[in-house]
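Engineer: Got model.cif for you, mmCIF, C-alpha atoms, pLDDT in the B column; chains and numbers go by the auth columns:
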data_run
#
loop_
_atom_site.group_PDB
_atom_site.id
_atom_site.type_symbol
_atom_site.label_atom_id
_atom_site.label_comp_id
_atom_site.label_asym_id
_atom_site.label_seq_id
_atom_site.Cartn_x
_atom_site.Cartn_y
_atom_site.Cartn_z
_atom_site.B_iso_or_equiv
_atom_site.auth_seq_id
_atom_site.auth_asym_id
ATOM 1 C CA GLY A 1 -149.129 77.739 50.930 67.00 1 O
ATOM 2 C CA ALA A 2 -145.510 76.822 50.095 85.00 2 O
ATOM 3 C CA VAL A 3 -145.840 76.960 46.330 92.00 3 O
ATOM 4 C CA VAL A 4 -142.802 76.807 44.084 95.00 4 O
ATOM 5 C CA SER A 5 -142.971 77.572 40.385 96.00 5 O
ATOM 6 C CA GLN A 6 -140.531 76.932 37.573 97.00 6 O
ATOM 7 C CA HIS A 7 -140.274 78.604 34.211 97.00 7 O
ATOM 8 C CA PRO A 8 -140.225 77.459 31.534 97.00 8 O
ATOM 9 C CA SER A 9 -141.852 74.080 31.944 96.00 9 O
ATOM 10 C CA ARG A 10 -140.343 72.892 28.700 96.00 10 O
ATOM 11 C CA VAL A 11 -137.547 74.256 26.534 97.00 11 O
ATOM 12 C CA ILE A 12 -135.865 73.108 23.360 97.00 12 O
ATOM 13 C CA CYS A 13 -132.593 74.705 22.341 96.00 13 O
ATOM 14 C CA LYS A 14 -129.781 74.248 19.872 96.00 14 O
ATOM 15 C CA SER A 15 -126.448 72.827 20.895 97.00 15 O
ATOM 16 C CA GLY A 16 -124.054 75.546 22.010 96.00 16 O
ATOM 17 C CA THR A 17 -126.661 77.952 23.273 97.00 17 O
ATOM 18 C CA SER A 18 -127.383 78.837 26.894 97.00 18 O
ATOM 19 C CA VAL A 19 -130.660 78.265 28.666 97.00 19 O
ATOM 20 C CA LYS A 20 -131.921 79.883 31.856 97.00 20 O
ATOM 21 C CA ILE A 21 -134.433 78.209 34.159 98.00 21 O
ATOM 22 C CA GLU A 22 -136.168 80.188 36.885 97.00 22 O
ATOM 23 C CA CYS A 23 -137.348 78.875 40.219 96.00 23 O
ATOM 24 C CA ARG A 24 -139.623 81.043 42.348 96.00 24 O
ATOM 25 C CA SER A 25 -141.113 80.616 45.786 93.00 25 O
ATOM 26 C CA LEU A 26 -144.519 82.269 45.461 94.00 26 O
ATOM 27 C CA ASP A 27 -145.716 82.609 49.023 90.00 27 O
ATOM 28 C CA PHE A 28 -142.709 82.263 51.268 89.00 28 O
ATOM 29 C CA GLN A 29 -139.132 83.402 51.532 90.00 29 O
ATOM 30 C CA ALA A 30 -136.722 80.717 50.482 89.00 30 O
ATOM 31 C CA THR A 31 -133.466 80.987 52.368 87.00 31 O
ATOM 32 C CA THR A 32 -132.206 77.901 50.579 90.00 32 O
ATOM 33 C CA MET A 33 -132.935 76.543 47.131 93.00 33 O
ATOM 34 C CA PHE A 34 -131.855 73.262 45.665 94.00 34 O
ATOM 35 C CA TRP A 35 -131.420 72.173 42.069 96.00 35 O
ATOM 36 C CA TYR A 36 -131.863 68.580 41.019 96.00 36 O
ATOM 37 C CA ARG A 37 -131.438 66.700 37.797 96.00 37 O
ATOM 38 C CA GLN A 38 -133.463 63.635 36.960 93.00 38 O
ATOM 39 C CA PHE A 39 -132.745 61.175 34.175 87.00 39 O
ATOM 40 C CA PRO A 40 -135.544 58.991 32.774 83.00 40 O
ATOM 41 C CA LYS A 41 -136.601 56.257 35.164 80.00 41 O
ATOM 42 C CA LYS A 42 -134.073 57.489 37.706 87.00 42 O
ATOM 43 C CA SER A 43 -134.099 59.203 41.047 89.00 43 O
ATOM 44 C CA LEU A 44 -133.311 62.853 41.677 91.00 44 O
ATOM 45 C CA MET A 45 -129.655 63.828 41.746 92.00 45 O
ATOM 46 C CA LEU A 46 -128.803 66.919 43.752 93.00 46 O
ATOM 47 C CA MET A 47 -126.731 69.299 41.666 95.00 47 O
ATOM 48 C CA ALA A 48 -126.267 72.236 43.997 94.00 48 O
ATOM 49 C CA THR A 49 -127.531 74.080 47.022 92.00 49 O
ATOM 50 C CA SER A 50 -127.860 77.845 46.999 91.00 50 O
ATOM 51 C CA ASN A 51 -128.415 80.259 49.825 87.00 51 O
ATOM 52 C CA GLU A 52 -129.662 83.766 49.156 83.00 52 O
ATOM 53 C CA GLY A 53 -126.805 86.144 48.602 82.00 53 O
ATOM 54 C CA SER A 54 -124.140 83.444 48.656 84.00 54 O
ATOM 55 C CA LYS A 55 -122.357 81.363 46.097 87.00 55 O
ATOM 56 C CA ALA A 56 -123.930 78.031 45.386 92.00 56 O
ATOM 57 C CA THR A 57 -122.432 74.851 46.764 92.00 57 O
ATOM 58 C CA TYR A 58 -122.091 72.252 44.047 95.00 58 O
ATOM 59 C CA GLU A 59 -122.138 68.515 44.503 94.00 59 O
ATOM 60 C CA GLN A 60 -119.152 66.499 43.483 93.00 60 O
ATOM 61 C CA GLY A 61 -118.977 65.972 39.757 94.00 61 O
ATOM 62 C CA VAL A 62 -121.230 68.901 38.834 95.00 62 O
ATOM 63 C CA GLU A 63 -119.475 71.515 36.698 94.00 63 O
ATOM 64 C CA LYS A 64 -120.083 74.891 38.269 93.00 64 O
ATOM 65 C CA ASP A 65 -119.006 76.746 35.131 95.00 65 O
ATOM 66 C CA LYS A 66 -121.514 74.846 33.070 96.00 66 O
ATOM 67 C CA PHE A 67 -124.430 75.034 35.483 97.00 67 O
ATOM 68 C CA LEU A 68 -124.509 78.592 36.776 96.00 68 O
ATOM 69 C CA ILE A 69 -126.737 79.152 39.764 95.00 69 O
ATOM 70 C CA ASN A 70 -127.817 82.523 41.047 91.00 70 O
ATOM 71 C CA HIS A 71 -129.929 83.108 44.141 89.00 71 O
ATOM 72 C CA ALA A 72 -130.251 86.847 44.094 82.00 72 O
ATOM 73 C CA SER A 73 -133.371 87.196 46.197 90.00 73 O
ATOM 74 C CA LEU A 74 -135.347 85.265 48.768 90.00 74 O
ATOM 75 C CA THR A 75 -137.891 84.262 46.147 93.00 75 O
ATOM 76 C CA LEU A 76 -135.872 83.620 43.021 94.00 76 O
ATOM 77 C CA SER A 77 -133.083 81.292 41.978 94.00 77 O
ATOM 78 C CA THR A 78 -131.930 80.690 38.429 95.00 78 O
ATOM 79 C CA LEU A 79 -130.060 77.843 36.798 97.00 79 O
ATOM 80 C CA THR A 80 -128.281 78.643 33.545 97.00 80 O
ATOM 81 C CA VAL A 81 -127.040 75.779 31.441 97.00 81 O
ATOM 82 C CA THR A 82 -124.200 77.272 29.445 97.00 82 O
ATOM 83 C CA SER A 83 -123.127 76.006 26.035 96.00 83 O
ATOM 84 C CA ALA A 84 -125.706 73.261 26.221 96.00 84 O
ATOM 85 C CA HIS A 85 -125.083 69.916 24.570 96.00 85 O
ATOM 86 C CA PRO A 86 -127.423 66.994 23.923 96.00 86 O
ATOM 87 C CA GLU A 87 -126.125 65.191 27.001 95.00 87 O
ATOM 88 C CA ASP A 88 -127.474 68.063 29.112 96.00 88 O
ATOM 89 C CA SER A 89 -130.988 67.113 28.060 96.00 89 O
ATOM 90 C CA SER A 90 -132.816 66.171 31.211 95.00 90 O
ATOM 91 C CA PHE A 91 -135.576 67.042 33.647 95.00 91 O
ATOM 92 C CA TYR A 92 -134.468 69.757 36.062 97.00 92 O
ATOM 93 C CA ILE A 93 -136.339 70.242 39.325 96.00 93 O
ATOM 94 C CA CYS A 94 -135.848 72.931 41.913 96.00 94 O
ATOM 95 C CA SER A 95 -136.944 73.005 45.517 94.00 95 O
ATOM 96 C CA ALA A 96 -137.043 75.672 48.167 93.00 96 O
ATOM 97 C CA SER A 97 -136.817 75.726 51.939 89.00 97 O
ATOM 98 C CA ASN A 98 -137.561 78.504 54.379 83.00 98 O
ATOM 99 C CA GLY A 99 -135.297 76.982 56.999 74.00 99 O
ATOM 100 C CA PHE A 100 -138.194 76.102 59.285 68.00 100 O
ATOM 101 C CA SER A 101 -140.043 72.841 59.830 60.00 101 O
ATOM 102 C CA TYR A 102 -136.914 70.737 59.859 61.00 102 O
ATOM 103 C CA ASN A 103 -135.770 72.211 56.551 68.00 103 O
ATOM 104 C CA GLU A 104 -138.663 70.732 54.609 80.00 104 O
ATOM 105 C CA GLN A 105 -138.270 71.317 50.890 88.00 105 O
ATOM 106 C CA PHE A 106 -141.078 72.338 48.576 91.00 106 O
ATOM 107 C CA PHE A 107 -140.668 71.240 44.989 93.00 107 O
ATOM 108 C CA GLY A 108 -141.304 72.970 41.712 95.00 108 O
ATOM 109 C CA PRO A 109 -143.026 71.207 38.805 94.00 109 O
ATOM 110 C CA GLY A 110 -139.811 70.716 36.857 95.00 110 O
ATOM 111 C CA THR A 111 -138.383 71.871 33.526 96.00 111 O
ATOM 112 C CA ARG A 112 -137.844 69.538 30.615 96.00 112 O
ATOM 113 C CA LEU A 113 -134.732 70.598 28.675 97.00 113 O
ATOM 114 C CA THR A 114 -134.069 69.152 25.252 97.00 114 O
ATOM 115 C CA VAL A 115 -130.862 70.103 23.466 97.00 115 O
ATOM 116 C CA LEU A 116 -130.793 69.370 19.761 96.00 116 O
ATOM 117 C CA ALA B 1 -122.641 57.062 54.957 75.00 1 H
ATOM 118 C CA GLN B 2 -126.191 58.213 54.745 82.00 2 H
ATOM 119 C CA SER B 3 -128.386 56.366 52.299 90.00 3 H
ATOM 120 C CA VAL B 4 -131.929 55.423 51.458 95.00 4 H
ATOM 121 C CA THR B 5 -132.798 52.121 49.852 96.00 5 H
ATOM 122 C CA GLN B 6 -136.014 51.198 48.115 97.00 6 H
ATOM 123 C CA PRO B 7 -135.573 47.505 47.338 96.00 7 H
ATOM 124 C CA ASP B 8 -138.427 47.261 44.847 95.00 8 H
ATOM 125 C CA ILE B 9 -137.864 48.991 41.523 95.00 9 H
ATOM 126 C CA HIS B 10 -141.266 48.087 40.137 96.00 10 H
ATOM 127 C CA ILE B 11 -144.418 46.797 41.794 97.00 11 H
ATOM 128 C CA THR B 12 -147.712 45.852 40.181 97.00 12 H
ATOM 129 C CA VAL B 13 -150.885 45.526 42.223 97.00 13 H
ATOM 130 C CA SER B 14 -154.512 45.044 41.340 97.00 14 H
ATOM 131 C CA GLU B 15 -156.913 47.888 41.846 97.00 15 H
ATOM 132 C CA GLY B 16 -158.484 47.574 45.279 97.00 16 H
ATOM 133 C CA ALA B 17 -155.633 45.529 46.681 98.00 17 H
ATOM 134 C CA SER B 18 -153.444 46.697 49.520 97.00 18 H
ATOM 135 C CA LEU B 19 -150.024 48.189 48.932 97.00 19 H
ATOM 136 C CA GLU B 20 -146.770 48.364 50.830 98.00 20 H
ATOM 137 C CA LEU B 21 -143.683 50.085 49.471 98.00 21 H
ATOM 138 C CA ARG B 22 -140.480 49.440 51.334 98.00 22 H
ATOM 139 C CA CYS B 23 -137.907 51.992 52.419 97.00 23 H
ATOM 140 C CA ASN B 24 -134.803 51.481 54.515 96.00 24 H
ATOM 141 C CA TYR B 25 -132.480 54.229 55.601 94.00 25 H
ATOM 142 C CA SER B 26 -129.003 54.536 56.996 91.00 26 H
ATOM 143 C CA TYR B 27 -128.446 57.645 59.082 85.00 27 H
ATOM 144 C CA GLY B 28 -126.508 58.204 62.263 77.00 28 H
ATOM 145 C CA ALA B 29 -128.943 60.536 63.952 78.00 29 H
ATOM 146 C CA THR B 30 -132.687 60.738 64.327 78.00 30 H
ATOM 147 C CA PRO B 31 -133.986 60.704 60.771 86.00 31 H
ATOM 148 C CA TYR B 32 -136.530 63.041 59.301 90.00 32 H
ATOM 149 C CA LEU B 33 -138.236 61.006 56.601 93.00 33 H
ATOM 150 C CA PHE B 34 -140.453 61.763 53.646 95.00 34 H
ATOM 151 C CA TRP B 35 -142.433 59.976 50.990 97.00 35 H
ATOM 152 C CA TYR B 36 -143.027 61.733 47.679 96.00 36 H
ATOM 153 C CA VAL B 37 -145.017 60.756 44.618 96.00 37 H
ATOM 154 C CA GLN B 38 -144.206 61.773 41.058 94.00 38 H
ATOM 155 C CA SER B 39 -146.436 61.393 38.035 91.00 39 H
ATOM 156 C CA PRO B 40 -144.735 61.280 34.612 86.00 40 H
ATOM 157 C CA GLY B 41 -143.295 64.637 33.611 84.00 41 H
ATOM 158 C CA GLN B 42 -144.316 66.245 36.874 87.00 42 H
ATOM 159 C CA GLY B 43 -142.621 67.498 40.006 88.00 43 H
ATOM 160 C CA LEU B 44 -142.739 65.821 43.385 92.00 44 H
ATOM 161 C CA GLN B 45 -145.762 65.867 45.655 92.00 45 H
ATOM 162 C CA LEU B 46 -145.318 65.266 49.352 92.00 46 H
ATOM 163 C CA LEU B 47 -147.389 62.340 50.611 96.00 47 H
ATOM 164 C CA LEU B 48 -146.322 62.380 54.239 95.00 48 H
ATOM 165 C CA LYS B 49 -143.448 63.082 56.573 93.00 49 H
ATOM 166 C CA TYR B 50 -142.071 61.905 59.882 93.00 50 H
ATOM 167 C CA PHE B 51 -140.161 64.162 62.216 88.00 51 H
ATOM 168 C CA SER B 52 -140.962 62.844 65.680 85.00 52 H
ATOM 169 C CA GLY B 53 -143.780 61.593 67.852 87.00 53 H
ATOM 170 C CA ASP B 54 -146.265 58.983 66.727 90.00 54 H
ATOM 171 C CA THR B 55 -144.461 56.484 64.537 92.00 55 H
ATOM 172 C CA LEU B 56 -147.526 55.886 62.380 96.00 56 H
ATOM 173 C CA VAL B 57 -148.087 58.918 60.212 96.00 57 H
ATOM 174 C CA GLN B 58 -151.036 59.651 58.016 97.00 58 H
ATOM 175 C CA GLY B 59 -150.685 61.361 54.687 96.00 59 H
ATOM 176 C CA ILE B 60 -152.728 62.501 51.762 95.00 60 H
ATOM 177 C CA LYS B 61 -154.648 60.271 49.378 95.00 61 H
ATOM 178 C CA GLY B 62 -155.179 57.610 52.043 97.00 62 H
ATOM 179 C CA PHE B 63 -151.493 56.768 52.470 98.00 63 H
ATOM 180 C CA GLU B 64 -149.790 56.051 55.760 98.00 64 H
ATOM 181 C CA ALA B 65 -146.273 55.115 56.784 98.00 65 H
ATOM 182 C CA GLU B 66 -144.768 53.577 59.859 96.00 66 H
ATOM 183 C CA PHE B 67 -141.375 54.506 61.254 95.00 67 H
ATOM 184 C CA LYS B 68 -139.573 51.557 62.812 94.00 68 H
ATOM 185 C CA ARG B 69 -136.280 52.591 64.317 92.00 69 H
ATOM 186 C CA SER B 70 -135.247 49.006 65.146 92.00 70 H
ATOM 187 C CA GLN B 71 -135.554 48.057 61.489 94.00 71 H
ATOM 188 C CA SER B 72 -134.388 51.394 60.043 93.00 72 H
ATOM 189 C CA SER B 73 -137.511 51.353 57.933 96.00 73 H
ATOM 190 C CA PHE B 74 -140.225 53.745 56.862 97.00 74 H
ATOM 191 C CA ASN B 75 -142.615 51.703 54.731 98.00 75 H
ATOM 192 C CA LEU B 76 -145.501 53.283 52.889 98.00 76 H
ATOM 193 C CA ARG B 77 -148.900 51.609 52.926 98.00 77 H
ATOM 194 C CA LYS B 78 -152.338 52.018 51.462 98.00 78 H
ATOM 195 C CA PRO B 79 -155.217 49.643 52.205 97.00 79 H
ATOM 196 C CA SER B 80 -156.905 49.888 48.818 97.00 80 H
ATOM 197 C CA VAL B 81 -155.091 51.083 45.713 97.00 81 H
ATOM 198 C CA HIS B 82 -156.811 53.160 43.036 96.00 82 H
ATOM 199 C CA TRP B 83 -155.794 53.259 39.383 96.00 83 H
ATOM 200 C CA SER B 84 -154.797 56.895 39.838 95.00 84 H
ATOM 201 C CA ASP B 85 -152.112 55.837 42.323 97.00 85 H
ATOM 202 C CA ALA B 86 -149.956 54.548 39.465 96.00 86 H
ATOM 203 C CA ALA B 87 -146.813 56.682 39.658 96.00 87 H
ATOM 204 C CA GLU B 88 -143.237 56.757 40.893 96.00 88 H
ATOM 205 C CA TYR B 89 -142.726 56.855 44.647 97.00 89 H
ATOM 206 C CA PHE B 90 -139.638 58.182 46.368 97.00 90 H
ATOM 207 C CA CYS B 91 -138.552 57.833 49.976 97.00 91 H
ATOM 208 C CA ALA B 92 -136.118 60.434 51.296 95.00 92 H
ATOM 209 C CA VAL B 93 -134.234 61.438 54.409 92.00 93 H
ATOM 210 C CA VAL B 94 -133.173 65.010 55.159 87.00 94 H
ATOM 211 C CA LEU B 95 -129.642 65.697 56.323 80.00 95 H
ATOM 212 C CA TYR B 96 -130.522 68.487 58.709 74.00 96 H
ATOM 213 C CA ASN B 97 -126.894 68.869 59.740 74.00 97 H
ATOM 214 C CA GLN B 98 -125.888 69.434 56.104 75.00 98 H
ATOM 215 C CA GLY B 99 -128.060 72.361 55.251 74.00 99 H
ATOM 216 C CA GLY B 100 -131.178 70.317 54.758 78.00 100 H
ATOM 217 C CA LYS B 101 -129.980 68.211 51.820 85.00 101 H
ATOM 218 C CA LEU B 102 -132.336 65.415 50.843 89.00 102 H
ATOM 219 C CA ILE B 103 -131.116 61.933 50.081 90.00 103 H
ATOM 220 C CA PHE B 104 -133.537 60.051 47.859 94.00 104 H
ATOM 221 C CA GLY B 105 -134.076 56.379 47.379 95.00 105 H
ATOM 222 C CA GLN B 106 -133.972 54.944 43.885 94.00 106 H
ATOM 223 C CA GLY B 107 -137.718 55.094 43.553 96.00 107 H
ATOM 224 C CA THR B 108 -140.422 52.465 43.143 97.00 108 H
ATOM 225 C CA GLU B 109 -142.631 52.489 40.094 96.00 109 H
ATOM 226 C CA LEU B 110 -146.165 51.428 40.906 97.00 110 H
ATOM 227 C CA SER B 111 -148.406 49.973 38.237 97.00 111 H
ATOM 228 C CA VAL B 112 -152.077 49.275 38.929 97.00 112 H
ATOM 229 C CA LYS B 113 -153.930 46.682 36.931 96.00 113 H
ATOM 230 C CA PRO B 114 -157.696 46.668 36.590 91.00 114 H
#
Take the structure I supplied and represent it as structure tokens, if you would.
Structural biologist:
Amino acid sequence: GAVVSQHPSRVICKSGTSVKIECRSLDFQATTMFWYRQFPKKSLMLMATSNEGSKATYEQGVEKDKFLINHASLTLSTLTVTSAHPEDSSFYICSASNGFSYNEQFFGPGTRLTVL
Amino acid sequence: AQSVTQPDIHITVSEGASLELRCNYSYGATPYLFWYVQSPGQGLQLLLKYFSGDTLVQGIKGFEAEFKRSQSSFNLRKPSVHWSDAAEYFCAVVLYNQGGKLIFGQGTELSVKP
């Protein structure tokens, strides 16, 4: 149980285009989803927290107009990187929580974004 | 401020040797603590967690961790390391009064030599 998927696992795009990453909880309802960014050899940096049906809460320094997060259902959240630039290249990981078990988060496998 | 510190950025151990990865936390309330492992290009896999009760917790793959409140530590141990244990290890604390946000340590990269 508690499986989280991400799609795509890897994406390459041209500078200036937008890219959408999906995060799905496959066997539970995720009241809260989290989006992280991870640079090579670095820890995970929380970008934003989203609750189903509400606007996402962004961490300080994260541009909400650049990283659009939608949590339209209890099993799906999307992260759209708008007008991507090479510096947006990174590994993006989502996690999901059902609000039980001390808010334990279940992590997706990650998406590798490369912007040319 | 809440924080998690993993003092060792990189550790190398011989296969079959014992392992201890250090983790110290700073949190004003009772901490809920996790250890995750990440292989290159992969997501995070939960090794073990501590919420309450017995301070020595057992996890998957033969790992265990001990919560020591007096030392604000939650060190990860394994008695005999396998080559497949080579990976990045992250300690984390959940801020349950902030919507369940996780604060991660910097990570410790484990290398295993034959």
Engineer: Excluding region 20-24 of chain O and any residue of its chain fewer than 2 positions from it, enumerate the residues within 12 Å of it, using all atoms listed in the file, and give them as a ChimeraX atom specification.
Structural biologist: /O:2-13,17-18,26-36,50,66-84,91-97,106-113
Engineer: Expanded to explicit residues, what is the PyMOL selection byres ((chain H and resi 45) around 10) for this file, as a ChimeraX atom specification?
Structural biologist: /O:106-109 /H:35-39,42-44,46-48,60,89-90
Engineer: Restricted to C-alpha atoms, what would the selected residues look like written as a short mmCIF file (atom, residue, chain, number, x, y, z; two decimals), in the frame of the given file?
Structural biologist:
data_model
loop_
_atom_site.label_atom_id
_atom_site.label_comp_id
_atom_site.auth_asym_id
_atom_site.auth_seq_id
_atom_site.Cartn_x
_atom_site.Cartn_y
_atom_site.Cartn_z
CA PHE O 106 -141.08 72.34 48.58
CA PHE O 107 -140.67 71.24 44.99
CA GLY O 108 -141.30 72.97 41.71
CA PRO O 109 -143.03 71.21 38.80
CA TRP H 35 -142.43 59.98 50.99
CA TYR H 36 -143.03 61.73 47.68
CA VAL H 37 -145.02 60.76 44.62
CA GLN H 38 -144.21 61.77 41.06
CA SER H 39 -146.44 61.39 38.03
CA GLN H 42 -144.32 66.24 36.87
CA GLY H 43 -142.62 67.50 40.01
CA LEU H 44 -142.74 65.82 43.38
CA LEU H 46 -145.32 65.27 49.35
CA LEU H 47 -147.39 62.34 50.61
CA LEU H 48 -146.32 62.38 54.24
CA ILE H 60 -152.73 62.50 51.76
CA TYR H 89 -142.73 56.86 44.65
CA PHE H 90 -139.64 58.18 46.37
#
Engineer: List the residues selected by the PyMOL selection byres ((chain H and resi 64) around 12) in the file shown, writing them as a ChimeraX atom specification.
Structural biologist: /H:18-21,34-36,47-50,54-63,65-67,74-80
Engineer: Write to file, as a PDB file, in the coordinates of the input, the residues of the selection just made, with C-alpha atoms.
Structural biologist:
ATOM      1  CA  SER H  18    -153.444  46.697  49.520  1.00 97.00           C
ATOM      2  CA  LEU H  19    -150.024  48.189  48.932  1.00 97.00           C
ATOM      3  CA  GLU H  20    -146.770  48.364  50.830  1.00 98.00           C
ATOM      4  CA  LEU H  21    -143.683  50.085  49.471  1.00 98.00           C
ATOM      5  CA  PHE H  34    -140.453  61.763  53.646  1.00 95.00           C
ATOM      6  CA  TRP H  35    -142.433  59.976  50.990  1.00 97.00           C
ATOM      7  CA  TYR H  36    -143.027  61.733  47.679  1.00 96.00           C
ATOM      8  CA  LEU H  47    -147.389  62.340  50.611  1.00 96.00           C
ATOM      9  CA  LEU H  48    -146.322  62.380  54.239  1.00 95.00           C
ATOM     10  CA  LYS H  49    -143.448  63.082  56.573  1.00 93.00           C
ATOM     11  CA  TYR H  50    -142.071  61.905  59.882  1.00 93.00           C
ATOM     12  CA  ASP H  54    -146.265  58.983  66.727  1.00 90.00           C
ATOM     13  CA  THR H  55    -144.461  56.484  64.537  1.00 92.00           C
ATOM     14  CA  LEU H  56    -147.526  55.886  62.380  1.00 96.00           C
ATOM     15  CA  VAL H  57    -148.087  58.918  60.212  1.00 96.00           C
ATOM     16  CA  GLN H  58    -151.036  59.651  58.016  1.00 97.00           C
ATOM     17  CA  GLY H  59    -150.685  61.361  54.687  1.00 96.00           C
ATOM     18  CA  ILE H  60    -152.728  62.501  51.762  1.00 95.00           C
ATOM     19  CA  LYS H  61    -154.648  60.271  49.378  1.00 95.00           C
ATOM     20  CA  GLY H  62    -155.179  57.610  52.043  1.00 97.00           C
ATOM     21  CA  PHE H  63    -151.493  56.768  52.470  1.00 98.00           C
ATOM     22  CA  ALA H  65    -146.273  55.115  56.784  1.00 98.00           C
ATOM     23  CA  GLU H  66    -144.768  53.577  59.859  1.00 96.00           C
ATOM     24  CA  PHE H  67    -141.375  54.506  61.254  1.00 95.00           C
ATOM     25  CA  PHE H  74    -140.225  53.745  56.862  1.00 97.00           C
ATOM     26  CA  ASN H  75    -142.615  51.703  54.731  1.00 98.00           C
ATOM     27  CA  LEU H  76    -145.501  53.283  52.889  1.00 98.00           C
ATOM     28  CA  ARG H  77    -148.900  51.609  52.926  1.00 98.00           C
ATOM     29  CA  LYS H  78    -152.338  52.018  51.462  1.00 98.00           C
ATOM     30  CA  PRO H  79    -155.217  49.643  52.205  1.00 97.00           C
ATOM     31  CA  SER H  80    -156.905  49.888  48.818  1.00 97.00           C
TER      32      SER H  80
END
Engineer: Compare H:Val81, H:Leu33, H:Val112, H:Ile11 by their minimum atom-to-atom distance to chain O, counting only C-alpha atoms, and give me the closest one.
Structural biologist: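 Closest candidate: H:Leu33.
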Engineer: Could you write out as lines of an AutoDock Vina configuration file the box around region 83-95 of chain O (axis-aligned, all atoms listed in the file, 4 Å on each side), with centre and edge lengths in Å to one decimal?
Structural biologist:
center_x = -130.0
center_y = 70.6
center_z = 34.7
size_x = 21.8
size_y = 18.8
size_z = 29.6
Engineer: So what do you get for CA of Leu95 (chain H) versus CA of Glu87 (chain O), distance-wise?
Structural biologist: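 Between CA of Leu95 (chain H) and CA of Glu87 (chain O) the gap is 29.5 Å.
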Engineer: Show me, as a VMD selection string, every residue of chain H with an atom at most 8 Å from chain O, counting all atoms listed in the file.
Structural biologist: chain H and resid 32 41 to 45 51 90 94 96 99 to 101 104 to 107
Engineer: Convert the current residue selection to file output with C-alpha atoms, as a JSON list (two decimals), keeping the file's coordinate frame.
Structural biologist:
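Done, and the output landed in again_5.json:
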[["chain", "number", "residue", "atom", "x", "y", "z"],
["H", 32, "TYR", "CA", -136.53, 63.04, 59.30],
["H", 41, "GLY", "CA", -143.29, 64.64, 33.61],
["H", 42, "GLN", "CA", -144.32, 66.24, 36.87],
["H", 43, "GLY", "CA", -142.62, 67.50, 40.01],
["H", 44, "LEU", "CA", -142.74, 65.82, 43.38],
["H", 45, "GLN", "CA", -145.76, 65.87, 45.66],
["H", 51, "PHE", "CA", -140.16, 64.16, 62.22],
["H", 90, "PHE", "CA", -139.64, 58.18, 46.37],
["H", 94, "VAL", "CA", -133.17, 65.01, 55.16],
["H", 96, "TYR", "CA", -130.52, 68.49, 58.71],
["H", 99, "GLY", "CA", -128.06, 72.36, 55.25],
["H", 100, "GLY", "CA", -131.18, 70.32, 54.76],
["H", 101, "LYS", "CA", -129.98, 68.21, 51.82],
["H", 104, "PHE", "CA", -133.54, 60.05, 47.86],
["H", 105, "GLY", "CA", -134.08, 56.38, 47.38],
["H", 106, "GLN", "CA", -133.97, 54.94, 43.88],
["H", 107, "GLY", "CA", -137.72, 55.09, 43.55]]
Engineer: Using CA of Lys113 (chain H) and CA of His10 (chain H) as the two end points, give the distance in Å to one decimal.
Structural biologist: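 It comes out at 13.1 Å.
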